[in-house]
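> Input file: coords04.txt. Contents: compact mmCIF, C-alpha atoms.
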```
# COMPACT_ATOMS: atom_id res chain seq x y z
CA MET Q 1 -22.25 -15.09 -4.48
CA GLN Q 2 -22.17 -11.60 -5.97
CA VAL Q 3 -20.69 -11.41 -9.47
CA ILE Q 4 -19.32 -8.14 -10.87
CA GLU Q 5 -18.26 -8.13 -14.49
CA ASN Q 6 -16.25 -5.57 -16.41
CA LEU Q 7 -16.72 -5.88 -20.15
CA LYS Q 8 -13.79 -3.59 -20.95
CA VAL Q 9 -11.27 -6.15 -19.72
CA LYS Q 10 -13.63 -9.15 -19.97
CA GLU Q 11 -13.05 -10.03 -16.32
CA LYS Q 12 -15.36 -11.10 -13.49
CA VAL Q 13 -14.91 -10.99 -9.74
CA TYR Q 14 -16.99 -13.30 -7.53
CA ILE Q 15 -17.51 -11.86 -4.04
CA GLU Q 16 -18.85 -13.68 -1.01
CA LYS Q 17 -19.10 -12.34 2.55
CA LEU Q 18 -19.14 -15.38 4.81
CA GLU Q 19 -21.09 -15.76 8.05
CA ASN Q 20 -17.95 -15.12 10.10
CA GLY Q 21 -17.45 -11.79 8.26
CA LEU Q 22 -14.59 -12.85 5.95
CA THR Q 23 -14.82 -11.39 2.45
CA VAL Q 24 -13.63 -13.77 -0.29
CA MET Q 25 -12.95 -12.45 -3.79
CA ILE Q 26 -12.30 -14.90 -6.64
CA ILE Q 27 -11.10 -13.74 -10.06
CA PRO Q 28 -11.15 -16.71 -12.48
CA LYS Q 29 -8.53 -16.77 -15.25
CA LYS Q 30 -9.33 -19.62 -17.60
CA ASP Q 31 -6.36 -21.58 -18.99
CA ILE Q 32 -3.82 -19.62 -16.92
CA GLN Q 33 -1.38 -21.99 -15.18
CA LYS Q 34 -0.24 -19.74 -12.35
CA LYS Q 35 -2.43 -19.46 -9.24
CA TYR Q 36 -2.18 -16.68 -6.67
CA VAL Q 37 -3.78 -16.23 -3.26
CA ILE Q 38 -3.41 -13.30 -0.90
CA TRP Q 39 -5.02 -13.07 2.53
CA GLY Q 40 -4.96 -9.68 4.17
CA THR Q 41 -6.10 -7.98 7.33
CA LYS Q 42 -6.97 -4.31 7.57
CA TYR Q 43 -4.22 -3.73 10.08
CA GLY Q 44 -1.07 -1.78 9.32
CA SER Q 45 1.54 0.34 11.02
CA ASN Q 46 -0.87 3.27 11.49
CA GLU Q 47 -2.96 1.37 14.06
CA SER Q 48 -1.34 1.78 17.44
CA THR Q 49 -4.25 3.32 19.37
CA PHE Q 50 -7.65 1.63 19.20
CA VAL Q 51 -10.66 0.39 21.13
CA VAL Q 52 -11.10 -3.39 21.12
CA PRO Q 53 -14.65 -4.45 20.11
CA GLY Q 54 -16.74 -4.95 23.24
CA GLU Q 55 -14.55 -2.64 25.34
CA THR Q 56 -14.87 1.10 25.98
CA GLU Q 57 -11.38 2.32 26.84
CA PRO Q 58 -8.73 2.88 24.13
CA ILE Q 59 -5.43 1.03 24.37
CA GLU Q 60 -2.09 2.08 22.94
CA VAL Q 61 0.49 -0.44 21.78
CA PRO Q 62 4.12 0.16 20.75
CA LYS Q 63 4.85 1.30 17.20
CA GLY Q 64 5.80 -1.58 14.92
CA VAL Q 65 3.47 -4.30 16.26
CA ALA Q 66 1.76 -4.96 12.90
CA HIS Q 67 5.11 -5.66 11.22
CA PHE Q 68 6.34 -7.68 14.23
CA LEU Q 69 3.19 -9.82 14.04
CA GLU Q 70 3.74 -10.44 10.33
CA HIS Q 71 7.23 -11.80 11.11
CA LYS Q 72 6.03 -14.02 13.96
CA MET Q 73 3.08 -15.64 12.16
CA PHE Q 74 5.27 -18.13 10.25
CA GLU Q 75 6.69 -19.80 13.36
CA GLN Q 76 4.63 -22.82 14.42
CA GLU Q 77 4.26 -24.66 17.73
CA ASN Q 78 5.58 -27.93 16.21
CA GLY Q 79 8.91 -26.23 15.46
CA THR Q 80 8.36 -25.76 11.74
CA ASN Q 81 8.43 -22.50 9.81
CA SER Q 82 5.51 -22.15 7.40
CA LEU Q 83 7.62 -20.24 4.89
CA ASP Q 84 9.90 -23.29 4.63
CA VAL Q 85 6.93 -25.64 4.31
CA LEU Q 86 5.44 -23.58 1.48
CA THR Q 87 8.78 -23.37 -0.32
CA SER Q 88 9.10 -27.17 -0.12
CA LEU Q 89 5.75 -27.42 -1.91
CA GLY Q 90 7.20 -25.50 -4.85
CA VAL Q 91 5.28 -22.25 -4.33
CA ASN Q 92 6.66 -18.76 -3.89
CA ALA Q 93 5.40 -17.47 -0.53
CA ASN Q 94 5.77 -14.10 1.14
CA ALA Q 95 4.16 -11.52 3.42
CA TYR Q 96 4.28 -7.74 3.80
CA THR Q 97 3.07 -4.92 6.02
CA THR Q 98 1.98 -1.47 4.84
CA ASN Q 99 0.57 1.57 6.61
CA ASP Q 100 -2.98 0.22 6.35
CA HIS Q 101 -2.86 -3.57 5.90
CA THR Q 102 -0.87 -6.76 6.35
CA ALA Q 103 -0.96 -9.59 3.80
CA TYR Q 104 0.15 -13.22 3.46
CA LEU Q 105 0.44 -14.75 0.02
CA PHE Q 106 1.76 -17.43 -2.27
CA GLU Q 107 1.84 -18.13 -5.99
CA GLY Q 108 2.57 -21.27 -7.92
CA ILE Q 109 1.40 -23.80 -10.47
CA ASP Q 110 1.24 -27.12 -8.57
CA ASN Q 111 0.22 -28.19 -5.06
CA PHE Q 112 -2.23 -25.31 -4.69
CA TYR Q 113 -4.52 -26.91 -2.11
CA GLU Q 114 -1.62 -28.29 -0.05
CA ALA Q 115 -0.19 -24.76 0.04
CA LEU Q 116 -3.62 -23.33 0.89
CA ASP Q 117 -3.75 -25.77 3.83
CA GLU Q 118 -0.50 -24.35 5.17
CA LEU Q 119 -1.39 -20.69 4.53
CA MET Q 120 -4.77 -20.93 6.23
CA ASP Q 121 -3.33 -22.96 9.08
CA TYR Q 122 -0.52 -20.59 10.06
CA VAL Q 123 -2.56 -17.38 9.63
CA GLN Q 124 -5.25 -18.80 11.94
CA HIS Q 125 -2.93 -20.32 14.57
CA PRO Q 126 -0.45 -17.83 16.05
CA TYR Q 127 2.21 -19.15 18.39
CA PHE Q 128 3.97 -16.61 20.60
CA THR Q 129 6.21 -17.33 23.59
CA ASP Q 130 8.44 -15.10 25.70
CA GLU Q 131 11.47 -16.76 24.12
CA ASN Q 132 10.50 -16.50 20.46
CA VAL Q 133 9.35 -12.88 20.88
CA GLU Q 134 12.69 -11.88 22.42
CA LYS Q 135 14.58 -13.65 19.66
CA GLU Q 136 12.55 -11.80 17.02
CA LYS Q 137 13.43 -8.43 18.54
CA GLY Q 138 17.07 -9.03 17.61
CA ILE Q 139 16.14 -9.99 14.03
CA ILE Q 140 13.83 -7.00 13.50
CA GLY Q 141 16.33 -4.71 15.21
CA GLN Q 142 18.87 -5.66 12.54
CA GLU Q 143 16.28 -4.98 9.84
CA ILE Q 144 15.59 -1.53 11.31
CA MET Q 145 19.30 -0.67 11.30
CA MET Q 146 19.65 -1.97 7.75
CA TYR Q 147 16.81 0.25 6.50
CA ASP Q 148 18.31 3.21 8.35
CA ASP Q 149 21.33 2.79 6.06
CA TYR Q 150 19.25 2.78 2.85
CA PRO Q 151 19.34 6.27 1.27
CA GLU Q 152 16.21 5.48 -0.80
CA TRP Q 153 14.25 4.69 2.37
CA ARG Q 154 15.58 7.67 4.32
CA VAL Q 155 14.78 10.19 1.59
CA TYR Q 156 11.19 8.87 1.54
CA LEU Q 157 10.70 8.82 5.34
CA ASN Q 158 12.19 12.29 5.68
CA THR Q 159 9.60 13.54 3.18
CA LEU Q 160 6.79 12.20 5.35
CA GLU Q 161 8.36 13.78 8.44
CA ALA Q 162 8.48 17.12 6.62
CA MET Q 163 4.78 16.84 5.73
CA TYR Q 164 3.14 15.35 8.83
CA HIS Q 165 2.99 16.80 12.33
CA GLU Q 166 1.21 13.99 14.18
CA HIS Q 167 -0.19 11.26 11.95
CA PRO Q 168 1.62 7.90 12.35
CA VAL Q 169 1.94 7.54 8.56
CA LYS Q 170 5.17 9.52 9.00
CA LEU Q 171 6.72 6.74 11.13
CA ASP Q 172 8.73 3.77 9.92
CA ILE Q 173 6.50 0.70 9.42
CA THR Q 174 8.98 -1.44 11.38
CA GLY Q 175 8.91 0.84 14.43
CA THR Q 176 12.19 1.66 16.17
CA ILE Q 177 14.56 -0.42 18.30
CA GLU Q 178 13.15 1.45 21.31
CA THR Q 179 9.45 0.83 20.47
CA ILE Q 180 9.83 -2.87 19.63
CA SER Q 181 11.64 -3.41 22.93
CA HIS Q 182 8.22 -2.96 24.63
CA ILE Q 183 6.49 -5.68 22.57
CA ASP Q 184 5.68 -8.93 24.38
CA LYS Q 185 3.52 -11.97 23.65
CA ASP Q 186 0.48 -10.45 25.42
CA VAL Q 187 0.61 -7.38 23.15
CA LEU Q 188 0.89 -9.63 20.09
CA TYR Q 189 -2.06 -11.81 21.12
CA LYS Q 190 -4.13 -8.72 21.93
CA CYS Q 191 -3.50 -7.22 18.47
CA TYR Q 192 -3.91 -10.56 16.72
CA ASN Q 193 -7.28 -11.25 18.38
CA THR Q 194 -8.45 -7.73 17.58
CA PHE Q 195 -7.34 -7.33 13.97
CA TYR Q 196 -7.05 -10.90 12.66
CA ASN Q 197 -10.76 -11.51 13.05
CA PRO Q 198 -12.37 -12.74 9.79
CA SER Q 199 -14.65 -9.69 9.72
CA ASN Q 200 -11.53 -7.49 9.37
CA MET Q 201 -9.98 -9.66 6.64
CA VAL Q 202 -10.20 -10.17 2.88
CA MET Q 203 -8.96 -13.10 0.81
CA VAL Q 204 -8.39 -12.71 -2.94
CA VAL Q 205 -7.66 -15.68 -5.21
CA CYS Q 206 -6.80 -15.39 -8.90
CA GLY Q 207 -6.29 -18.26 -11.36
CA ASP Q 208 -8.06 -21.04 -13.25
CA PHE Q 209 -10.75 -21.92 -10.68
CA VAL Q 210 -14.45 -22.73 -10.56
CA PRO Q 211 -15.46 -20.08 -7.97
CA GLU Q 212 -18.12 -22.19 -6.23
CA ASP Q 213 -15.75 -25.15 -5.80
CA LEU Q 214 -12.91 -22.98 -4.53
CA LEU Q 215 -15.20 -21.27 -2.04
CA LYS Q 216 -16.14 -24.65 -0.54
CA GLU Q 217 -12.44 -25.50 -0.14
CA ILE Q 218 -11.77 -22.18 1.61
CA LYS Q 219 -14.72 -22.68 3.99
CA LYS Q 220 -13.45 -26.16 4.92
CA ARG Q 221 -10.16 -24.67 6.09
CA LEU Q 222 -11.62 -21.89 8.25
CA VAL Q 223 -11.55 -22.26 12.03
CA ASP Q 224 -14.80 -21.61 13.86
CA LYS Q 225 -14.56 -17.95 14.79
CA LYS Q 226 -17.40 -15.43 15.07
CA ALA Q 227 -17.32 -11.94 13.55
CA ASN Q 228 -16.40 -9.29 16.08
CA GLY Q 229 -17.76 -5.75 16.22
CA GLU Q 230 -16.26 -2.61 14.76
CA ILE Q 231 -12.71 -1.76 15.75
CA LYS Q 232 -12.51 1.91 16.67
CA ARG Q 233 -9.20 3.26 15.34
CA ILE Q 234 -7.91 6.45 16.95
CA TYR Q 235 -5.54 8.84 15.20
CA PRO Q 236 -4.14 12.17 16.40
CA GLU Q 237 -5.57 15.29 14.83
CA GLU Q 238 -3.41 16.30 11.87
CA PRO Q 239 -3.15 19.98 10.78
CA GLU Q 240 -3.44 20.74 7.06
CA THR Q 241 -0.11 22.57 7.10
CA ILE Q 242 3.28 20.99 6.43
CA VAL Q 243 5.99 20.82 9.13
CA LYS Q 244 8.79 22.32 7.03
CA GLU Q 245 9.49 22.74 3.35
CA ARG Q 246 13.00 21.34 3.17
CA ILE Q 247 14.86 18.50 4.85
CA GLU Q 248 18.34 17.20 4.05
CA GLN Q 249 20.47 14.27 5.22
CA LYS Q 250 24.06 13.30 4.47
CA MET Q 251 24.65 9.67 3.45
CA GLN Q 252 26.95 7.66 1.19
CA VAL Q 253 25.47 8.29 -2.28
CA SER Q 254 27.22 8.86 -5.60
CA ILE Q 255 24.41 11.06 -6.95
CA PRO Q 256 22.03 13.04 -4.71
CA LEU Q 257 18.55 11.59 -4.17
CA TYR Q 258 15.48 13.78 -3.90
CA THR Q 259 11.82 13.33 -3.09
CA ILE Q 260 9.22 16.00 -3.75
CA GLY Q 261 6.16 15.56 -1.56
CA ILE Q 262 2.78 17.27 -1.70
CA LYS Q 263 0.44 17.02 1.28
CA VAL Q 264 -3.17 16.57 0.13
CA LYS Q 265 -6.40 16.91 2.08
CA PRO Q 266 -8.05 13.53 2.85
CA LEU Q 267 -10.21 12.47 -0.10
CA GLN Q 268 -14.00 12.51 -0.07
CA GLU Q 269 -15.44 8.98 -0.20
CA ASP Q 270 -17.34 9.48 -3.45
CA GLU Q 271 -14.40 11.17 -5.21
CA LYS Q 272 -11.38 9.05 -4.25
CA VAL Q 273 -11.15 7.00 -7.46
CA LYS Q 274 -11.71 10.05 -9.66
CA ASN Q 275 -9.19 12.08 -7.62
CA HIS Q 276 -6.61 9.30 -7.85
CA LEU Q 277 -7.00 9.07 -11.63
CA ALA Q 278 -6.81 12.84 -12.10
CA ILE Q 279 -3.67 13.13 -9.95
CA SER Q 280 -2.04 10.26 -11.88
CA ILE Q 281 -2.74 12.04 -15.16
CA LEU Q 282 -1.36 15.32 -13.81
CA LEU Q 283 1.84 13.72 -12.48
CA ASP Q 284 2.52 12.17 -15.88
CA LEU Q 285 1.72 15.44 -17.61
CA ILE Q 286 3.98 17.51 -15.33
CA PHE Q 287 6.94 15.16 -14.87
CA GLY Q 288 6.38 11.98 -16.88
CA LYS Q 289 8.80 10.67 -19.51
CA SER Q 290 7.03 12.55 -22.31
CA SER Q 291 6.79 15.85 -20.38
CA GLU Q 292 8.62 19.04 -21.32
CA LEU Q 293 10.04 19.29 -17.79
CA TYR Q 294 11.58 15.81 -17.96
CA ARG Q 295 13.14 16.44 -21.38
CA LYS Q 296 14.51 19.81 -20.29
CA LEU Q 297 16.15 18.50 -17.11
CA TYR Q 298 17.36 15.28 -18.71
CA ASP Q 299 18.92 17.05 -21.72
CA ALA Q 300 20.67 19.45 -19.35
CA GLY Q 301 22.18 16.48 -17.47
CA ILE Q 302 20.47 17.45 -14.22
CA ILE Q 303 18.35 14.32 -13.71
CA TYR Q 304 18.95 10.62 -14.35
CA GLY Q 305 15.87 8.76 -15.55
CA THR Q 306 12.19 9.40 -14.94
CA PRO Q 307 11.28 10.03 -11.29
CA SER Q 308 9.02 7.42 -9.71
CA GLN Q 309 5.54 8.77 -9.04
CA ASP Q 310 3.09 7.68 -6.37
CA PHE Q 311 -0.12 8.88 -4.79
CA GLU Q 312 -0.69 7.33 -1.37
CA PHE Q 313 -3.97 7.73 0.47
CA ALA Q 314 -6.19 6.33 3.19
CA LYS Q 315 -9.29 7.65 4.94
CA GLU Q 316 -7.38 10.18 7.10
CA TYR Q 317 -4.50 11.29 4.85
CA ALA Q 318 -3.22 11.63 1.28
CA HIS Q 319 0.07 12.68 -0.30
CA ILE Q 320 1.99 12.72 -3.57
CA ILE Q 321 5.54 11.37 -3.75
CA LEU Q 322 8.04 11.96 -6.60
CA THR Q 323 11.50 10.40 -6.19
CA GLY Q 324 14.60 10.47 -8.41
CA GLN Q 325 18.31 11.21 -8.72
CA ALA Q 326 19.67 14.61 -9.69
CA ASN Q 327 22.94 16.53 -9.68
CA ASP Q 328 20.99 19.58 -8.55
CA PRO Q 329 17.85 18.60 -6.57
CA GLU Q 330 17.06 22.24 -5.75
CA LYS Q 331 16.91 23.05 -9.47
CA VAL Q 332 14.52 20.12 -10.04
CA TYR Q 333 12.24 21.38 -7.26
CA GLU Q 334 12.33 24.95 -8.56
CA GLU Q 335 11.50 23.85 -12.12
CA PHE Q 336 8.75 21.54 -10.87
CA LYS Q 337 7.06 24.43 -9.06
CA LYS Q 338 7.45 26.67 -12.12
CA THR Q 339 5.86 24.05 -14.36
CA VAL Q 340 2.89 23.63 -12.02
CA ALA Q 341 2.42 27.42 -11.89
CA ASN Q 342 2.63 27.63 -15.68
CA TYR Q 343 -0.09 24.99 -16.17
CA LYS Q 344 -2.29 26.76 -13.64
CA GLU Q 345 -1.89 30.08 -15.45
CA ASN Q 346 -1.98 28.94 -19.09
CA GLY Q 347 -4.02 25.75 -18.94
CA ILE Q 348 -3.37 22.24 -20.28
CA LYS Q 349 -3.54 21.29 -23.95
CA GLN Q 350 -6.46 19.02 -24.79
CA GLU Q 351 -4.29 16.70 -26.92
CA ASP Q 352 -1.73 16.24 -24.11
CA PHE Q 353 -4.52 15.41 -21.67
CA GLU Q 354 -6.11 12.86 -24.04
CA ARG Q 355 -2.78 11.17 -24.80
CA ILE Q 356 -1.87 10.70 -21.15
CA LYS Q 357 -5.40 9.60 -20.24
CA LYS Q 358 -5.25 6.85 -22.90
CA SER Q 359 -1.83 5.76 -21.66
CA LEU Q 360 -3.09 5.54 -18.06
CA TYR Q 361 -6.11 3.51 -19.19
CA GLY Q 362 -3.72 1.11 -20.96
CA ASN Q 363 -1.68 0.70 -17.77
CA TYR Q 364 -4.79 -0.23 -15.79
CA VAL Q 365 -5.81 -2.77 -18.44
CA LYS Q 366 -2.31 -4.33 -18.33
CA GLU Q 367 -2.70 -4.98 -14.58
CA TYR Q 368 -5.15 -7.76 -15.49
CA ASP Q 369 -2.54 -9.68 -17.50
CA ASP Q 370 -0.88 -11.00 -14.34
CA VAL Q 371 -2.60 -12.97 -11.56
CA ALA Q 372 -0.34 -11.41 -8.88
CA ASP Q 373 -0.93 -7.82 -10.02
CA THR Q 374 -4.68 -8.46 -10.24
CA ALA Q 375 -5.05 -10.05 -6.81
CA ARG Q 376 -2.87 -7.52 -4.99
CA MET Q 377 -4.73 -4.65 -6.65
CA PHE Q 378 -8.15 -5.99 -5.57
CA LEU Q 379 -6.96 -6.55 -2.00
CA ALA Q 380 -5.38 -3.10 -1.53
CA ASP Q 381 -8.35 -1.36 -3.17
CA SER Q 382 -10.89 -3.30 -1.09
CA PHE Q 383 -9.33 -2.00 2.14
CA LYS Q 384 -9.89 1.52 0.77
CA GLY Q 385 -13.54 0.70 0.03
CA ILE Q 386 -12.91 0.54 -3.74
CA ASN Q 387 -13.72 -2.12 -6.32
CA SER Q 388 -10.75 -2.14 -8.72
CA PHE Q 389 -13.09 -2.15 -11.74
CA ASP Q 390 -14.14 1.38 -10.69
CA TYR Q 391 -10.92 2.80 -12.13
CA LEU Q 392 -11.77 1.49 -15.60
CA GLU Q 393 -15.26 3.03 -15.42
CA GLU Q 394 -14.39 6.35 -13.76
CA ILE Q 395 -11.62 7.26 -16.21
CA ASP Q 396 -14.24 7.96 -18.91
CA THR Q 397 -15.83 10.62 -16.69
CA ILE Q 398 -12.65 12.70 -16.37
CA ASN Q 399 -12.45 15.75 -18.62
CA LEU Q 400 -9.96 18.60 -18.97
CA GLU Q 401 -12.02 20.94 -16.80
CA TYR Q 402 -11.91 18.45 -13.91
CA ILE Q 403 -8.15 17.96 -14.33
CA GLU Q 404 -7.48 21.70 -14.18
CA GLN Q 405 -9.62 21.99 -11.05
CA ILE Q 406 -7.65 19.21 -9.32
CA LEU Q 407 -4.42 20.93 -10.36
CA LYS Q 408 -5.52 24.08 -8.50
CA ASP Q 409 -6.93 22.23 -5.48
CA VAL Q 410 -4.11 19.74 -4.93
CA PHE Q 411 -0.81 21.09 -6.33
CA LYS Q 412 -0.46 23.94 -3.85
CA GLU Q 413 2.99 25.39 -3.30
CA ASP Q 414 2.49 25.84 0.44
CA LYS Q 415 1.84 22.09 0.73
CA MET Q 416 5.03 21.07 -1.13
CA VAL Q 417 8.21 19.76 0.50
CA ILE Q 418 11.57 18.51 -0.73
CA SER Q 419 13.75 15.89 0.91
CA ILE Q 420 17.37 15.49 -0.22
CA VAL Q 421 20.01 12.89 0.57
CA ARG Q 422 23.47 13.83 -0.65
CA ASN Q 423 27.04 12.73 -0.05
```
Step by step, read the file and then write its structure as structure tokens.

Amino acid sequence: MQVIENLKVKEKVYIEKLENGLTVMIIPKKDIQKKYVIWGTKYGSNESTFVVPGETEPIEVPKGVAHFLEHKMFEQENGTNSLDVLTSLGVNANAYTTNDHTAYLFEGIDNFYEALDELMDYVQHPYFTDENVEKEKGIIGQEIMMYDDYPEWRVYLNTLEAMYHEHPVKLDITGTIETISHIDKDVLYKCYNTFYNPSNMVMVVCGDFVPEDLLKEIKKRLVDKKANGEIKRIYPEEPETIVKERIEQKMQVSIPLYTIGIKVKPLQEDEKVKNHLAISILLDLIFGKSSELYRKLYDAGIIYGTPSQDFEFAKEYAHIILTGQANDPEKVYEEFKKTVANYKENGIKQEDFERIKKSLYGNYVKEYDDVADTARMFLADSFKGINSFDYLEEIDTINLEYIEQILKDVFKEDKMVISIVRN
């Protein structure tokens, strides 16, 4: 078992790649009562065209299959629902689908191994019938319509549509009522057998465990399944340009919502952690709670609270997302662009850079205080080819010169868009 230690946070991660290809990561937390396990597959909403290992021709499945599969995995052949079983054991269980992975999880204090039995049983034993698939279409259809009525979701999706011409990251994770109508049990089994192979999966467990003992318990619960070959994922070619700079939708909102998006070139493998850190520092510097832009717009009564900031990336795409509420979204966008231009022209103060860098480092350290935050971080990062400890090490290598270079390379006005939802 490989052991990686980070002395800065005094944490270790034990990593074992099993014979069937499954990667298990165990992060022991001595004397912590809560235990958390998350089991993920590198299969999200972006994967709708792919070549199954051992085959040569690509297949295309309807949009929304990954999310549909996540919903269907809980239903068992004996008539039980695994979510109900886990709840009855006193653990908090859930699942989620993103653009690049799907995950099943639970957290609790007692009955850990009984809950692990259930988790590993239902994830390894899908049960799809014509009847239960049709029934699920109605349930997911209602979910799709519900999200269509959420202004916060629409303002975000519209931003992606303004940035991306072809890449499926711009599509709703759930698919549409039209696309899910084409899903049947054969499609679900095909995608399950392709993407839910152990060699495409990672399990992360965090809590008070002896890693070697826990690993034996996990192995006992694995079904006998061989590693498959590489899954060839096919994506349409995406231009570097944006689709359009501005997109607006009318919905029932008391205060207009806005999202500023910046389309970024896909990150180089050896620079992705450093790029991510630098962009996080720049976002806080430009529009964080201590920034001049935030104070100016807040004092003028234009914005309400600090905008949420996110940098989303995978191998084939990357983008920045800033979302908030404002009486005058156009003014926010205009002032944001002015602030970026000003920093490019006049540079960034060393003391501002150092302050925000220290704050960001503190935020990363705090992630390790909670077993759920720690486990989810290691899972998501592993699917990007990153060990989460890398962020704590790489931050020391970032200097002001590097930050200013990223500012010029990434915060380009011709790659910026604004999405607005107003009444």
> Between CA of Arg233 (chain Q) and CA of Asn197 (chain Q), measure the distance and give it in Å to one decimal.
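Those two atoms sit 15.0 Å apart.
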> Set the distance at 9 Å and use only C-alpha atoms: which residues neighbour Ile286 (chain Q) once local chain neighbours fewer than 6 positions away are removed? I'd like the list as a list in words.
Glu292, Leu293, Tyr294, Phe336, Thr339, Val340 and Tyr343 of chain Q
> Counting all atoms listed in the file, give me one row per residue of region 8-42 of chain Q with an atom at most 10 Å from an atom of region 214-225 of chain Q, showing the shortest contact pair and its distance in Å to one decimal, sorted by chain then residue number, as JSON lines.

```
{"residue": "Q:Tyr14", "atom": "CA", "partner": "Q:Leu215", "partner_atom": "CA", "distance": 9.8}
{"residue": "Q:Ile15", "atom": "CA", "partner": "Q:Leu215", "partner_atom": "CA", "distance": 9.9}
{"residue": "Q:Glu16", "atom": "CA", "partner": "Q:Leu215", "partner_atom": "CA", "distance": 8.5}
{"residue": "Q:Leu18", "atom": "CA", "partner": "Q:Lys219", "partner_atom": "CA", "distance": 8.6}
{"residue": "Q:Glu19", "atom": "CA", "partner": "Q:Lys225", "partner_atom": "CA", "distance": 9.6}
{"residue": "Q:Asn20", "atom": "CA", "partner": "Q:Lys225", "partner_atom": "CA", "distance": 6.4}
{"residue": "Q:Gly21", "atom": "CA", "partner": "Q:Lys225", "partner_atom": "CA", "distance": 9.4}
{"residue": "Q:Leu22", "atom": "CA", "partner": "Q:Leu222", "partner_atom": "CA", "distance": 9.8}
{"residue": "Q:Val24", "atom": "CA", "partner": "Q:Leu215", "partner_atom": "CA", "distance": 7.9}
{"residue": "Q:Met25", "atom": "CA", "partner": "Q:Leu215", "partner_atom": "CA", "distance": 9.3}
{"residue": "Q:Ile26", "atom": "CA", "partner": "Q:Leu214", "partner_atom": "CA", "distance": 8.4}
```
> Which residue is closest to Ile231 (chain Q)? Choose from Q:Gln2, Q:Thr194, Q:Pro256, Q:Ser419 and count all atoms listed in the file.
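So, comparing all the options, the nearest one is Q:Thr194.
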> Between Q:Val123, Q:Val371, Q:Val253, Q:Leu105, which has the minimum distance to Tyr192 (chain Q) (counting all atoms listed in the file)?
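So, comparing all the options, the nearest one is Q:Val123.
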> Q:Leu322, Q:Ile27, Q:Ile234, Q:Val210: which is nearest Pro168 (chain Q), counting only C-alpha atoms?
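Checking each of Q:Leu322, Q:Ile27, Q:Ile234, Q:Val210 against Pro168 (chain Q), counting only C-alpha atoms, the winner is Q:Ile234.
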> Give the answer as one residue: which of Q:Thr306, Q:Asn6, Q:Ser290, Q:Gln249 has the shortest atom-to-atom distance to Leu392 (chain Q), using all atoms listed in the file?
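Going through Q:Thr306, Q:Asn6, Q:Ser290, Q:Gln249 one by one, the smallest distance to Leu392 (chain Q) is for Q:Asn6.
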> Looking at Q:Lys10, Q:Lys244, Q:Lys63, Q:Lys72, which one is nearest to Val417 (chain Q), with distances taken over only C-alpha atoms?
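Selected residue with least distance to Val417 (chain Q): Q:Lys244.
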> Counting all atoms listed in the file, select every polymer residue within 10 Å of (-3.6, 13.8, -20.8) as defined in the file's coordinates, and provide the selection as a PyMOL selection string.
chain Q and resi 278+280-285+348-360+399-400+403
> What's around Glu161 (chain Q) at 12 Å? Count all atoms listed in the file, leave out sequence neighbours fewer than 2 positions away in its own chain, and write the answer as a VMD selection string.
chain Q and resid 154 to 159 163 to 172 242 to 248 261 263 417 to 419
> Work out how far apart CA of His101 (chain Q) and CA of Gly79 (chain Q) are and give it in Å to one decimal.
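About the pair CA of His101 (chain Q) and CA of Gly79 (chain Q): they are 27.3 Å apart.
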> Env of Ser88 (chain Q): 12 Å cut, atoms = all atoms listed in the file, seq-sep filter 2 positions within chain, self excluded. Answer as a short mmCIF file (atom, residue, chain, number, x, y, z; two decimals) with C-alpha atoms, keeping the file's coordinate frame.

```
data_model
loop_
_atom_site.label_atom_id
_atom_site.label_comp_id
_atom_site.auth_asym_id
_atom_site.auth_seq_id
_atom_site.Cartn_x
_atom_site.Cartn_y
_atom_site.Cartn_z
CA THR Q 80 8.36 -25.76 11.74
CA ASN Q 81 8.43 -22.50 9.81
CA SER Q 82 5.51 -22.15 7.40
CA LEU Q 83 7.62 -20.24 4.89
CA ASP Q 84 9.90 -23.29 4.63
CA VAL Q 85 6.93 -25.64 4.31
CA LEU Q 86 5.44 -23.58 1.48
CA GLY Q 90 7.20 -25.50 -4.85
CA VAL Q 91 5.28 -22.25 -4.33
CA ASN Q 92 6.66 -18.76 -3.89
CA ALA Q 93 5.40 -17.47 -0.53
CA GLY Q 108 2.57 -21.27 -7.92
CA ASP Q 110 1.24 -27.12 -8.57
CA ASN Q 111 0.22 -28.19 -5.06
CA GLU Q 114 -1.62 -28.29 -0.05
CA ALA Q 115 -0.19 -24.76 0.04
CA GLU Q 118 -0.50 -24.35 5.17
#
```
